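So this block is structure_34.txt, compact mmCIF, C-alpha atoms:
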# COMPACT_ATOMS: atom_id res chain seq x y z
CA PRO A 40 14.45 -22.63 18.81
CA GLY A 41 13.54 -26.14 19.97
CA TRP A 42 9.80 -25.42 19.95
CA TRP A 43 9.60 -24.68 16.23
CA PRO A 44 7.09 -26.83 14.38
CA TRP A 45 8.43 -28.55 11.30
CA TRP A 46 6.68 -29.06 8.02
CA ALA A 47 5.55 -32.68 7.99
CA LYS A 48 3.67 -32.94 4.72
CA GLY A 49 2.07 -30.71 2.13
CA VAL A 50 -0.06 -30.74 -0.98
CA ALA A 51 -0.14 -27.88 -3.47
CA ASP A 52 -2.51 -27.12 -6.31
CA SER A 53 -1.39 -23.62 -7.20
CA ILE A 54 -3.71 -23.29 -10.19
CA LYS A 55 -6.97 -24.24 -8.52
CA CYS A 56 -6.69 -23.35 -4.84
CA GLY A 57 -3.32 -22.96 -3.14
CA LEU A 58 -1.19 -24.76 -0.59
CA GLY A 59 -2.23 -27.08 2.22
CA TYR A 60 0.29 -28.03 4.92
CA GLN A 61 0.61 -29.95 8.18
CA TRP A 62 3.13 -29.36 10.97
CA THR A 63 4.83 -32.06 13.02
CA ASP A 64 2.49 -31.37 15.97
CA GLY A 65 -0.57 -32.16 13.82
CA SER A 66 -1.61 -28.53 13.27
CA LEU A 67 -3.05 -27.82 9.83
CA GLY A 68 -3.19 -24.80 7.55
CA ALA A 69 -3.85 -23.53 4.06
CA PHE A 70 -2.56 -20.60 2.03
CA PHE A 71 -5.06 -19.85 -0.73
CA ASN A 72 -4.40 -18.24 -4.08
CA ASP A 73 -6.28 -15.07 -3.09
CA ASN A 74 -3.74 -14.65 -0.24
CA THR A 75 -6.24 -15.56 2.48
CA LYS A 76 -5.12 -18.05 5.13
CA LEU A 77 -6.90 -20.61 7.29
CA PHE A 78 -5.19 -22.62 10.02
CA VAL A 79 -6.06 -24.64 13.11
CA CYS A 80 -4.14 -26.27 15.97
CA ALA A 81 -4.53 -30.02 16.39
CA SER A 82 -6.88 -29.82 19.42
CA ALA A 83 -8.41 -26.35 18.91
CA SER A 84 -12.15 -25.64 18.83
CA ALA A 85 -11.77 -22.80 16.32
CA MET A 86 -9.90 -22.13 13.09
CA GLU A 87 -8.21 -18.82 12.41
CA TYR A 88 -8.99 -17.02 9.14
CA ILE A 89 -6.83 -14.14 7.90
CA GLU A 90 -7.54 -11.87 4.96
CA THR A 91 -5.89 -8.70 3.71
CA ILE A 92 -8.16 -5.69 3.13
CA ARG A 93 -7.10 -2.65 1.13
CA GLU A 94 -8.39 0.58 2.65
CA PRO A 95 -9.60 3.51 0.48
CA ASP A 96 -6.27 5.27 1.02
CA GLY A 97 -4.41 2.24 -0.37
CA THR A 98 -3.03 0.87 2.89
CA LYS A 99 -3.32 -2.85 3.55
CA VAL A 100 -4.90 -4.14 6.77
CA HIS A 101 -4.68 -7.76 7.93
CA ARG A 102 -7.94 -8.91 9.46
CA GLN A 103 -8.15 -12.09 11.56
CA GLU A 104 -11.28 -13.87 12.78
CA SER A 105 -12.12 -17.17 14.45
CA VAL A 106 -14.23 -19.78 12.65
CA PRO A 107 -15.72 -22.64 14.73
CA VAL A 108 -14.53 -26.17 14.03
CA GLY A 109 -17.25 -28.65 13.05
CA ALA A 110 -20.07 -26.16 12.40
CA SER A 111 -23.02 -27.48 10.40
CA SER A 112 -22.67 -24.64 7.88
CA TYR A 113 -20.47 -21.63 7.16
CA GLY A 114 -21.01 -18.31 5.45
CA SER A 115 -20.19 -17.86 1.78
CA LYS A 116 -16.80 -16.33 2.61
CA HIS A 117 -15.66 -19.39 4.56
CA GLN A 118 -17.55 -22.41 3.18
CA LYS A 119 -15.32 -23.21 0.19
CA LYS A 120 -12.12 -22.68 2.15
CA VAL A 121 -13.21 -24.81 5.09
CA THR A 122 -14.11 -27.53 2.58
CA LEU A 123 -10.65 -27.28 1.01
CA LEU A 124 -8.96 -27.36 4.42
CA ASN A 125 -10.88 -30.53 5.27
CA TYR A 126 -9.77 -32.02 1.95
CA PHE A 127 -6.16 -31.15 2.77
CA LYS A 128 -6.59 -32.66 6.24
CA ALA A 129 -7.88 -35.96 4.87
CA TYR A 130 -5.14 -36.15 2.24
CA LEU A 131 -2.32 -35.22 4.59
CA SER A 132 -3.51 -37.53 7.37
CA GLU A 133 -3.39 -40.40 4.89
CA HIS A 134 -0.02 -39.57 3.36
CA ALA A 135 2.06 -38.01 6.14
CA ALA A 136 4.49 -40.44 7.76
CA SER A 137 3.49 -41.12 11.36
CA ARG A 138 7.09 -40.71 12.54
CA GLU A 139 6.99 -37.09 11.37
CA LEU A 140 3.94 -36.17 13.44
CA ASN A 141 3.31 -35.56 17.14
CA GLU A 142 6.54 -33.71 17.81
CA PRO A 143 6.14 -32.13 21.29
CA LEU A 144 5.89 -28.34 21.27
CA GLU A 145 5.54 -25.69 23.93
CA ARG A 146 1.83 -24.93 23.76
CA HIS A 147 2.13 -21.43 25.17
CA GLN A 148 3.61 -20.32 21.88
CA PRO A 149 1.11 -18.74 19.42
CA PRO A 150 0.04 -20.90 16.47
CA VAL A 151 2.39 -20.64 13.50
CA HIS A 152 1.11 -20.26 9.94
CA VAL A 153 2.60 -19.70 6.50
CA GLN A 154 2.66 -16.02 5.48
CA LYS A 155 4.46 -16.40 2.14
CA TRP A 156 5.77 -19.32 0.14
CA MET A 157 7.46 -20.05 -3.15
CA ARG A 158 8.76 -23.03 -5.09
CA THR A 159 12.19 -23.00 -6.72
CA LYS A 160 14.11 -25.61 -8.71
CA HIS A 161 15.60 -27.13 -5.57
CA ALA A 162 13.23 -26.37 -2.68
CA ILE A 163 10.04 -24.91 -1.26
CA ILE A 164 10.62 -21.82 0.87
CA PHE A 165 8.26 -20.61 3.60
CA ARG A 166 8.10 -17.32 5.47
CA LEU A 167 6.28 -18.07 8.73
CA SER A 168 4.23 -15.87 11.04
CA ASN A 169 6.89 -16.07 13.79
CA ARG A 170 9.32 -14.36 11.36
CA THR A 171 11.34 -17.49 10.73
CA VAL A 172 12.12 -18.96 7.31
CA GLN A 173 11.87 -22.67 6.61
CA VAL A 174 13.30 -24.33 3.50
CA ASN A 175 12.37 -27.86 2.48
CA PHE A 176 14.83 -29.12 -0.10
CA PHE A 177 13.74 -31.77 -2.57
CA ASP A 178 16.57 -34.05 -1.39
CA HIS A 179 14.63 -34.27 1.96
CA SER A 180 16.99 -32.01 3.92
CA LYS A 181 15.41 -29.08 5.79
CA LEU A 182 16.63 -25.75 7.07
CA MET A 183 15.06 -23.23 9.49
CA LEU A 184 16.42 -19.70 9.91
CA SER A 185 15.57 -17.93 13.16
CA GLN A 186 14.42 -14.32 13.45
CA GLU A 187 17.14 -11.96 12.25
CA ALA A 188 18.93 -15.05 10.80
CA GLN A 189 21.16 -15.49 13.86
CA PHE A 190 20.61 -19.23 14.25
CA VAL A 191 19.86 -22.07 11.87
CA THR A 192 18.38 -25.48 12.61
CA TYR A 193 19.23 -28.11 10.01
CA ILE A 194 17.92 -31.60 9.33
CA SER A 195 20.19 -33.53 6.98
CA LYS A 196 19.11 -35.99 4.30
CA LYS A 197 19.81 -38.74 6.84
CA GLY A 198 17.53 -37.13 9.43
CA ASP A 199 20.25 -35.78 11.75
CA LYS A 200 19.09 -32.55 13.45
CA SER A 201 21.38 -29.80 14.76
CA THR A 202 21.26 -26.08 15.59
CA HIS A 203 24.12 -23.66 14.91
CA ALA A 204 24.97 -19.98 15.12
CA VAL A 205 25.00 -18.73 11.54
CA GLN A 206 28.29 -16.89 12.03
CA ALA A 207 29.96 -20.06 13.28
CA ILE A 208 28.82 -21.96 10.20
CA SER A 209 30.31 -19.34 7.91
CA GLU A 210 33.65 -19.70 9.66
CA SER A 211 33.76 -23.50 9.61
CA GLU A 212 34.77 -25.78 6.76
CA ALA A 213 33.22 -28.79 8.52
CA ASN A 214 29.67 -27.76 7.59
CA GLY A 215 29.95 -27.81 3.82
CA GLU A 216 26.57 -29.46 3.25
CA LEU A 217 24.80 -26.98 5.50
CA LEU A 218 26.80 -24.01 4.25
CA THR A 219 25.81 -24.74 0.64
CA ARG A 220 22.11 -24.81 1.56
CA LEU A 221 22.40 -21.74 3.73
CA LYS A 222 24.04 -19.78 0.89
CA TYR A 223 21.30 -20.93 -1.49
CA THR A 224 18.64 -19.75 0.95
CA ARG A 225 20.32 -16.37 1.40
CA ASP A 226 20.59 -15.86 -2.37
CA ILE A 227 16.86 -16.57 -2.80
CA LEU A 228 15.90 -14.24 0.06
CA LEU A 229 18.10 -11.45 -1.27
CA TYR A 230 16.51 -11.88 -4.70
CA LEU A 231 13.02 -11.65 -3.19
CA ILE A 232 13.94 -8.53 -1.22
CA SER A 233 15.43 -6.80 -4.27
CA SER A 234 12.39 -7.75 -6.38
CA LYS A 235 10.02 -6.29 -3.78
CA ARG A 236 11.99 -3.03 -3.71
CA ARG A 237 11.80 -2.74 -7.50
CA ASP A 238 8.02 -3.17 -7.31
Here is the file; what I need is its structure written in the form of structure tokens.
Amino acid sequence: PGWWPWWAKGVADSIKCGLGYQWTDGSLGAFFNDNTKLFVCASASAMEYIETIREPDGTKVHRQESVPVGASSYGSKHQKKVTLLNYFKAYLSEHAASRELNEPLERHQPPVHVQKWMRTKHAIIFRLSNRTVQVNFFDHSKLMLSQEAQFVTYISKKGDKSTHAVQAISESEANGELLTRLKYTRDILLYLISSKRRD
């Protein structure tokens, strides 16, 4: 789990456009209100654009295409969103703390982007394309759940980073701070799952 990128900074305007975010390796992405996504690695020559198409039979198909970085013009489907991504980039580059950026990652891993996100009273929760869940609490602590929720990486309010087996945390009284946040995350995820089933 050491290669996971961490959320470094974000700006959200949920009424007008959506969510812009930047990872600790400098990669940038946006999740727009129409559920389309646009993201780019720090040194890539192309952005990746993802949209969901509903087929005549009602099934949903995710369609991904590459969009060149730095083109003089873009088609109508991409122009506004590339403009917004560039706005996010300028804002985040100005406001993100330098110590949070440039975290070394294993570059053979596929780029990671936000698939779903929501804001609660205490945190912002992200479902990522590598099937992990990241939770950024408003007290500046952070939590990342691995695939199948077997491991959790936690960054405390003081900035201390550690990785644990979830089962070991549940059995230990020494991880009260982490256990509280992990239980909160599980409760939110269970609520989202039950809501989806009702729909």
**OP:** Extract, using only C-alpha atoms, all DNA, RNA and protein residues at most 12 Å from Ala204 in chain A, discarding same-chain residues fewer than 3 positions from it, and format them as a ChimeraX atom specification.
**Re:** /A:40,183-185,187-193,201,207-211,214,217-218,221
Keeping only C-alpha atoms, take the residues you just selected and write them out as a PDB file, in the frame of the given file.
ATOM      1  CA  PRO A  40      14.450 -22.630  18.810  1.00  0.00           C
ATOM      2  CA  MET A 183      15.060 -23.230   9.490  1.00  0.00           C
ATOM      3  CA  LEU A 184      16.420 -19.700   9.910  1.00  0.00           C
ATOM      4  CA  SER A 185      15.570 -17.930  13.160  1.00  0.00           C
ATOM      5  CA  GLU A 187      17.140 -11.960  12.250  1.00  0.00           C
ATOM      6  CA  ALA A 188      18.930 -15.050  10.800  1.00  0.00           C
ATOM      7  CA  GLN A 189      21.160 -15.490  13.860  1.00  0.00           C
ATOM      8  CA  PHE A 190      20.610 -19.230  14.250  1.00  0.00           C
ATOM      9  CA  VAL A 191      19.860 -22.070  11.870  1.00  0.00           C
ATOM     10  CA  THR A 192      18.380 -25.480  12.610  1.00  0.00           C
ATOM     11  CA  TYR A 193      19.230 -28.110  10.010  1.00  0.00           C
ATOM     12  CA  SER A 201      21.380 -29.800  14.760  1.00  0.00           C
ATOM     13  CA  ALA A 207      29.960 -20.060  13.280  1.00  0.00           C
ATOM     14  CA  ILE A 208      28.820 -21.960  10.200  1.00  0.00           C
ATOM     15  CA  SER A 209      30.310 -19.340   7.910  1.00  0.00           C
ATOM     16  CA  GLU A 210      33.650 -19.700   9.660  1.00  0.00           C
ATOM     17  CA  SER A 211      33.760 -23.500   9.610  1.00  0.00           C
ATOM     18  CA  ASN A 214      29.670 -27.760   7.590  1.00  0.00           C
ATOM     19  CA  LEU A 217      24.800 -26.980   5.500  1.00  0.00           C
ATOM     20  CA  LEU A 218      26.800 -24.010   4.250  1.00  0.00           C
ATOM     21  CA  LEU A 221      22.400 -21.740   3.730  1.00  0.00           C
TER      22      LEU A 221
END
Original post:
At what distance in Å, to one decimal, does CA of Glu87 in chain A lie from CA of Val106 in chain A?
Top reply: 6.1 Å
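As for CA of Gln61 in chain A and CA of Leu231 in chain A, they are spaced 24.9 Å apart.
Picture a line from CA of Ala81 in chain A to CA of Val108 in chain A; it runs 11.0 Å.
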Skip range 174-179 of chain A itself and residues of its chain fewer than 6 positions away, then list as a JSON list (two decimals) with C-alpha atoms, in the frame of the given file all residues within 9 Å of it, counting all atoms listed in the file.
[["chain", "number", "residue", "atom", "x", "y", "z"],
["A", 46, "TRP", "CA", 6.68, -29.06, 8.02],
["A", 160, "LYS", "CA", 14.11, -25.61, -8.71],
["A", 161, "HIS", "CA", 15.60, -27.13, -5.57],
["A", 162, "ALA", "CA", 13.23, -26.37, -2.68],
["A", 163, "ILE", "CA", 10.04, -24.91, -1.26],
["A", 164, "ILE", "CA", 10.62, -21.82, 0.87],
["A", 165, "PHE", "CA", 8.26, -20.61, 3.60],
["A", 166, "ARG", "CA", 8.10, -17.32, 5.47],
["A", 194, "ILE", "CA", 17.92, -31.60, 9.33],
["A", 195, "SER", "CA", 20.19, -33.53, 6.98],
["A", 196, "LYS", "CA", 19.11, -35.99, 4.30],
["A", 197, "LYS", "CA", 19.81, -38.74, 6.84],
["A", 198, "GLY", "CA", 17.53, -37.13, 9.43],
["A", 220, "ARG", "CA", 22.11, -24.81, 1.56],
["A", 224, "THR", "CA", 18.64, -19.75, 0.95]]
Original post:
For Gln173 in chain A, which residue out of A:Leu58, A:Leu228, A:Ala69, A:Val205 is the nearest one, using all atoms listed in the file?
Top reply: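 Going through A:Leu58, A:Leu228, A:Ala69, A:Val205 one by one, the smallest distance to Gln173 in chain A is for A:Leu228.
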Set the distance at 10 Å and use only C-alpha atoms: which residues neighbour range 109-116 of chain A once local chain neighbours fewer than 6 positions away are removed? I'd like the list as a CSV table (one decimal) with C-alpha atoms, keeping the file's coordinate frame.
chain,number,residue,atom,x,y,z
A,84,SER,CA,-12.2,-25.6,18.8
A,85,ALA,CA,-11.8,-22.8,16.3
A,86,MET,CA,-9.9,-22.1,13.1
A,122,THR,CA,-14.1,-27.5,2.6
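The residue that comes closest to Gln154 in chain A, out of A:Leu131, A:Leu124, A:Ala83, A:Leu77 and on the basis of all atoms listed in the file, is A:Leu77.
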Size and centre in Å, one decimal, axis-aligned box, all listed range 191-205 of chain A atoms plus 6 Å per side, as JSON:
{"center_x": 21.3, "center_y": -28.7, "center_z": 9.9, "size_x": 19.5, "size_y": 32.0, "size_z": 23.3}
Original post:
With all atoms listed in the file as the basis for distance, which of A:Gln186, A:Thr63, A:Asn72, A:Thr171 is at the shortest distance from Ser132 in chain A?
Top reply: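 Of A:Gln186, A:Thr63, A:Asn72, A:Thr171, the one nearest Ser132 in chain A, counting all atoms listed in the file, is A:Thr63.
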Subject >> Nearest residue to Val151 in chain A from the set A:Gly215, A:Gly68, A:Pro107, A:Pro95 (distances using only C-alpha atoms) >> reply: A:Gly68
Original post:
Taking into account only C-alpha atoms, which residue in the set A:Lys181, A:Lys119, A:His152, A:Lys222 is nearest to Ile89 in chain A?
Top reply: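 So, comparing all the options, the nearest one is A:His152.
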